[in-house]
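Chemist: Quick one: the structure is below, questions incoming.
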Amino acid sequence: MPRFSTRDASPWLVLVIVCFAQFMVVLDATISNVALPSIQADLGFSEANLQWVVNGYTLLFGGFLLLGGRAADLLGRRKLFVAGVALFTLSSLACALATSEVTLIVARAFQGLGAALVSPAALSIITTTFAEGTERTRALAIWGGIAAGGSAVGLLLGGVLTELLSWEWVFLVNVPVGLGVMAVALRLVPESRVAGAARAFDLTGAVTVTGGLLLLVYAIVKAEQAGWASLQTLGLGAIALALLGGFLAWEARQAAPLVRVGIFRIRTLAAANAVMLLVVAGLFAMFFFATIHLQRVLGYSPLDAGVAFLPVSALILTGSGVSTVLVKRIGPRGTAIFGMTVGAAGLLLLTQAGPTASYWTDMFPALAIMAFGMGNAFVPLTIIATSGISDDDAGLASGLFNTAQQIGGALGLAVLSTLAADRTTADLAELGRAPSLAETNIALVDGFQMAYVAAAGLLALGAVLLTVMLRRRHLAVIDAEVDEPVAVPA
């Protein structure tokens, strides 16, 4: 049963509140993408600096997630949730008011920091509000659908706001939503923290892990330009790994660590995080390349491209709903493997969409299959990652899970972008002359198709990894919990 007294708000109302905030956070990872040309023209961004409108957000989001998750456990989950929403809302307003490259990039970075406080606190509020079992499964299905569908909705909303109003509105839209979430959360979301936890703050651990994650994400993001074998990439990667290794060694000796190293011995948590990293790597890259395919090759406007992804979002949500039934029938592991297999099939089918493809006959069927599969993968992976975790570690587990998603997205996009760009460059070089527009489009799509195949391979690898890492004994407790009968909420 949900852990509420009769005087508390309905746990389902609490779920709505935290999902609103999570939707806003996920949305902002993609909502600015279709507005980039307008931002560049208005603020005078150079080609090299334009990427930091997106990467400034990603860097701080990915780098501070672990710190945000543990701080939520120790300082209070509602407190960190509200503080994160407040910072995110204020930073969104600063983005809309920005008048230069520097001010917009800095504001986006603070948006990412706010998101890093919101996301793990929101997920840990869910896992401490709903007891393990069918109700938590249902709640996580809604959460998973929001997380998976937010990126596609961001493309739609970004296109609508940019085309009908101006680019500033892709950020201004967060302000009323954030203010509303804060006001309602302060009244209705219960406070929770680790009982009797030491209030000492592990500053060394926080600086080390955050610095390591920031450098790792930065190295991944810049690898596409500098090259994977460049001194810059290898040097930053080595420093990042040294910091993360030092962090683990430091934490193992602390009485009140930022991250309890023993949590990685929980097989379900370790497996779900590793697999989620692979899944999100493929998913983020797919959205990126499919969006470019629609606009640069097929000639779609930002609004038309956004509308094209609307049914994709609906099918992700549909898959999330179906997964709650499948979890009870074949278990979370079987459902996740099914979802990843279907998603990989959709990505392979997408390779058949050429430079003269029709969206509805060539691209949409593949995207629909992929979206339905992804909806079925996210929910069971979230269940596996958060089941068997004590309330004391709820924020930490949530931070780890969100970190896997952010690092996976950055890594997947960087690696697959490099593969696609190399294939396109090689095709054009073979011509031995300046290419025509048609030849350029053919080369672009050839690169996209290689990326789709690689993304499908990542999902297939995730399915294999989940099969190998989790045995029936690891899932026995979870299978018993999801079979627990509970009353259907009104």
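Just remember, in the structure tokens the first chain shown is A, the second B, etc., residues are 1-based per chain, and ligands are 1-based in the order shown.
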Counting only C-alpha atoms, what is within 10 Å of range 318-323 of chain A, bar same-chain residues fewer than 4 positions away, as number ranges by chain?
Modeler: A: 137-138, 140-146, 148-149, 312-314, 327-332, 335-336, 338-339, 369-380
Chemist: As a count of residues only, please: all residues of range 44-237 of chain A that backbone DSSP puts in helix (DSSP H, G or I).
Modeler: 159
Chemist: So which residues touch range 452-457 of chain A within 10 Å, counting only C-alpha atoms, skipping near sequence neighbours fewer than 2 positions away, as a VMD selection string?
Modeler: chain A and resid 278 to 286 289 to 290 340 to 351 370 412 to 413 415 to 416 419 to 420 446 to 450 459 to 463
Chemist: With N, CA and C atoms kept, could you save the residues just selected as a CSV table (one decimal), in the first residue's frame?
Modeler:
```csv
chain,number,residue,atom,x,y,z
A,278,LEU,N,22.7,1.7,-22.8
A,278,LEU,CA,22.7,1.3,-24.2
A,278,LEU,C,21.4,1.7,-24.9
A,279,VAL,N,20.3,1.5,-24.2
A,279,VAL,CA,19.0,1.8,-24.8
A,279,VAL,C,18.9,3.3,-25.1
A,280,VAL,N,19.2,4.2,-24.2
A,280,VAL,CA,19.1,5.6,-24.4
A,280,VAL,C,20.1,6.1,-25.4
A,281,ALA,N,21.3,5.4,-25.5
A,281,ALA,CA,22.3,5.8,-26.5
A,281,ALA,C,21.7,5.6,-27.9
A,282,GLY,N,21.0,4.5,-28.1
A,282,GLY,CA,20.3,4.3,-29.4
A,282,GLY,C,19.1,5.2,-29.7
A,283,LEU,N,18.3,5.5,-28.6
A,283,LEU,CA,17.1,6.3,-28.8
A,283,LEU,C,17.4,7.7,-29.1
A,284,PHE,N,18.4,8.3,-28.3
A,284,PHE,CA,18.7,9.7,-28.6
A,284,PHE,C,19.3,10.0,-30.0
A,285,ALA,N,20.1,9.0,-30.4
A,285,ALA,CA,20.7,9.2,-31.7
A,285,ALA,C,19.6,9.1,-32.8
A,286,MET,N,18.6,8.2,-32.6
A,286,MET,CA,17.6,8.0,-33.6
A,286,MET,C,16.8,9.3,-33.7
A,289,PHE,N,18.9,11.9,-35.8
A,289,PHE,CA,19.1,11.6,-37.2
A,289,PHE,C,17.7,11.7,-37.9
A,290,ALA,N,16.7,11.2,-37.3
A,290,ALA,CA,15.4,11.2,-38.0
A,290,ALA,C,14.9,12.7,-38.1
A,340,MET,N,13.1,-4.2,-26.2
A,340,MET,CA,14.4,-3.9,-26.9
A,340,MET,C,14.5,-4.6,-28.2
A,341,THR,N,13.9,-5.8,-28.3
A,341,THR,CA,13.9,-6.5,-29.6
A,341,THR,C,13.1,-5.9,-30.6
A,342,VAL,N,11.8,-5.5,-30.2
A,342,VAL,CA,10.9,-4.8,-31.1
A,342,VAL,C,11.5,-3.4,-31.5
A,343,GLY,N,12.1,-2.7,-30.6
A,343,GLY,CA,12.8,-1.4,-30.9
A,343,GLY,C,13.9,-1.6,-31.9
A,344,ALA,N,14.7,-2.6,-31.8
A,344,ALA,CA,15.8,-2.9,-32.7
A,344,ALA,C,15.2,-3.2,-34.1
A,345,ALA,N,14.1,-3.9,-34.1
A,345,ALA,CA,13.5,-4.3,-35.4
A,345,ALA,C,13.0,-3.0,-36.1
A,346,GLY,N,12.4,-2.1,-35.4
A,346,GLY,CA,12.0,-0.8,-35.9
A,346,GLY,C,13.1,0.0,-36.5
A,347,LEU,N,14.3,0.0,-35.8
A,347,LEU,CA,15.4,0.8,-36.3
A,347,LEU,C,16.0,0.2,-37.5
A,348,LEU,N,16.0,-1.1,-37.6
A,348,LEU,CA,16.5,-1.8,-38.8
A,348,LEU,C,15.6,-1.5,-40.0
A,349,LEU,N,14.3,-1.5,-39.7
A,349,LEU,CA,13.3,-1.1,-40.8
A,349,LEU,C,13.5,0.3,-41.3
A,350,LEU,N,13.9,1.2,-40.4
A,350,LEU,CA,14.2,2.6,-40.7
A,350,LEU,C,15.3,2.8,-41.8
A,351,THR,N,16.1,1.8,-41.9
A,351,THR,CA,17.2,1.9,-42.9
A,351,THR,C,16.7,1.8,-44.3
A,370,MET,N,9.5,1.1,-33.5
A,370,MET,CA,10.5,1.4,-32.5
A,370,MET,C,9.9,2.1,-31.3
A,412,GLY,N,26.0,7.9,-27.0
A,412,GLY,CA,25.4,7.4,-28.2
A,412,GLY,C,25.4,8.4,-29.3
A,413,LEU,N,25.0,9.6,-29.0
A,413,LEU,CA,25.0,10.7,-30.0
A,413,LEU,C,26.3,11.0,-30.6
A,415,VAL,N,29.1,9.0,-30.6
A,415,VAL,CA,29.6,7.8,-31.3
A,415,VAL,C,28.9,7.7,-32.7
A,416,LEU,N,27.6,7.7,-32.7
A,416,LEU,CA,26.8,7.4,-33.9
A,416,LEU,C,26.9,8.6,-34.8
A,419,LEU,N,30.2,8.0,-36.7
A,419,LEU,CA,30.0,7.0,-37.7
A,419,LEU,C,29.2,7.5,-38.9
A,420,ALA,N,28.2,8.2,-38.7
A,420,ALA,CA,27.4,8.8,-39.8
A,420,ALA,C,28.1,9.8,-40.6
A,446,ASP,N,22.8,7.8,-46.4
A,446,ASP,CA,23.7,6.6,-46.2
A,446,ASP,C,24.3,6.6,-44.8
A,447,GLY,N,24.7,7.8,-44.4
A,447,GLY,CA,25.3,8.0,-43.0
A,447,GLY,C,24.2,7.7,-41.9
A,448,PHE,N,23.0,8.2,-42.2
A,448,PHE,CA,21.9,8.0,-41.2
A,448,PHE,C,21.6,6.5,-41.1
A,449,GLN,N,21.6,5.8,-42.2
A,449,GLN,CA,21.3,4.4,-42.2
A,449,GLN,C,22.3,3.6,-41.4
A,450,MET,N,23.6,4.0,-41.5
A,450,MET,CA,24.6,3.3,-40.7
A,450,MET,C,24.4,3.5,-39.2
A,459,LEU,N,20.6,-1.7,-28.9
A,459,LEU,CA,19.4,-2.3,-28.3
A,459,LEU,C,19.5,-3.8,-28.2
A,460,ALA,N,20.0,-4.5,-29.2
A,460,ALA,CA,20.2,-5.9,-29.2
A,460,ALA,C,21.3,-6.3,-28.1
A,461,LEU,N,22.3,-5.5,-28.0
A,461,LEU,CA,23.3,-5.8,-27.0
A,461,LEU,C,22.7,-5.6,-25.6
A,462,GLY,N,21.8,-4.7,-25.4
A,462,GLY,CA,21.2,-4.5,-24.2
A,462,GLY,C,20.3,-5.7,-23.8
A,463,ALA,N,19.6,-6.3,-24.8
A,463,ALA,CA,18.8,-7.5,-24.5
A,463,ALA,C,19.7,-8.6,-24.1
```
Chemist: Return the single residue from A:Leu367, A:Ser387, A:Val85, A:Asp427 that is closest to Val177 in chain A, with distances computed using only C-alpha atoms.
Modeler: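 The closest residue to Val177 in chain A is A:Val85.
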Chemist: Hey, what's within 9 Å of Leu13 in chain A if we count only C-alpha atoms and toss same-chain stuff fewer than 5 positions away? As a PyMOL selection string, please?
Modeler: chain A and resi 18+188-189
Chemist: Would you mind telling me which residue in A:Leu310, A:Ala98, A:Ala421, A:Ile407 lies nearest to Val217 in chain A when using only C-alpha atoms?
Modeler: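 Closest residue, counting only C-alpha atoms: A:Ile407.
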Chemist: Using only C-alpha atoms, which of the listed residues (A:Leu303, A:Leu216, A:Val175, A:Leu93) sits closest to Thr162 in chain A?
Modeler: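 Of the candidates, the smallest distance to Thr162 in chain A is held by A:Leu303.
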Chemist: So how far away is CA of Leu59 in chain A from CA of Thr103 in chain A, in Å?
Modeler: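 If I compute the distance from CA of Thr103 in chain A to CA of Leu59 in chain A, I get 16.2 Å.
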Chemist: Point out the residue among A:Leu213, A:Val160, A:Leu269, A:Val207 with the least atom-to-atom distance to Ile239 in chain A, counting only C-alpha atoms.
Modeler: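 Ranking A:Leu213, A:Val160, A:Leu269, A:Val207 by distance to Ile239 in chain A, first place goes to A:Leu213.
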Chemist: Using only C-alpha atoms, which protein or nucleic acid residues come within 7 Å of Gly178 in chain A? Drop anything in the same chain fewer than 2 positions from it, and give the result as a list in words.
Modeler: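 Listing them by chain and then by number gives Val85, Ala86, Thr89, Asn174, Val175, Pro176, Gly180, Val181 and Met182 of chain A.
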Chemist: Okay, now the selection with C-alpha atoms, as an mmCIF file, in the first residue's frame?
Modeler:
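Written file, out.cif:
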```cif
data_model
loop_
_atom_site.group_PDB
_atom_site.id
_atom_site.type_symbol
_atom_site.label_atom_id
_atom_site.label_comp_id
_atom_site.auth_asym_id
_atom_site.auth_seq_id
_atom_site.Cartn_x
_atom_site.Cartn_y
_atom_site.Cartn_z
ATOM 1 C CA VAL A 85 12.256 23.330 -9.920
ATOM 2 C CA ALA A 86 12.904 26.860 -8.655
ATOM 3 C CA THR A 89 12.319 27.980 -13.670
ATOM 4 C CA ASN A 174 8.626 26.592 -18.425
ATOM 5 C CA VAL A 175 8.004 29.584 -16.166
ATOM 6 C CA PRO A 176 4.249 29.191 -15.447
ATOM 7 C CA GLY A 180 2.609 25.973 -10.511
ATOM 8 C CA VAL A 181 4.566 22.822 -9.685
ATOM 9 C CA MET A 182 6.392 24.562 -6.820
#
```
Chemist: Determine the nearest neighbour of Gly408 in chain A from the options A:Val261, A:Ile220, A:Val209, A:Leu428, counting only C-alpha atoms.
Modeler: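 Among the listed residues, A:Ile220 lies closest to Gly408 in chain A.
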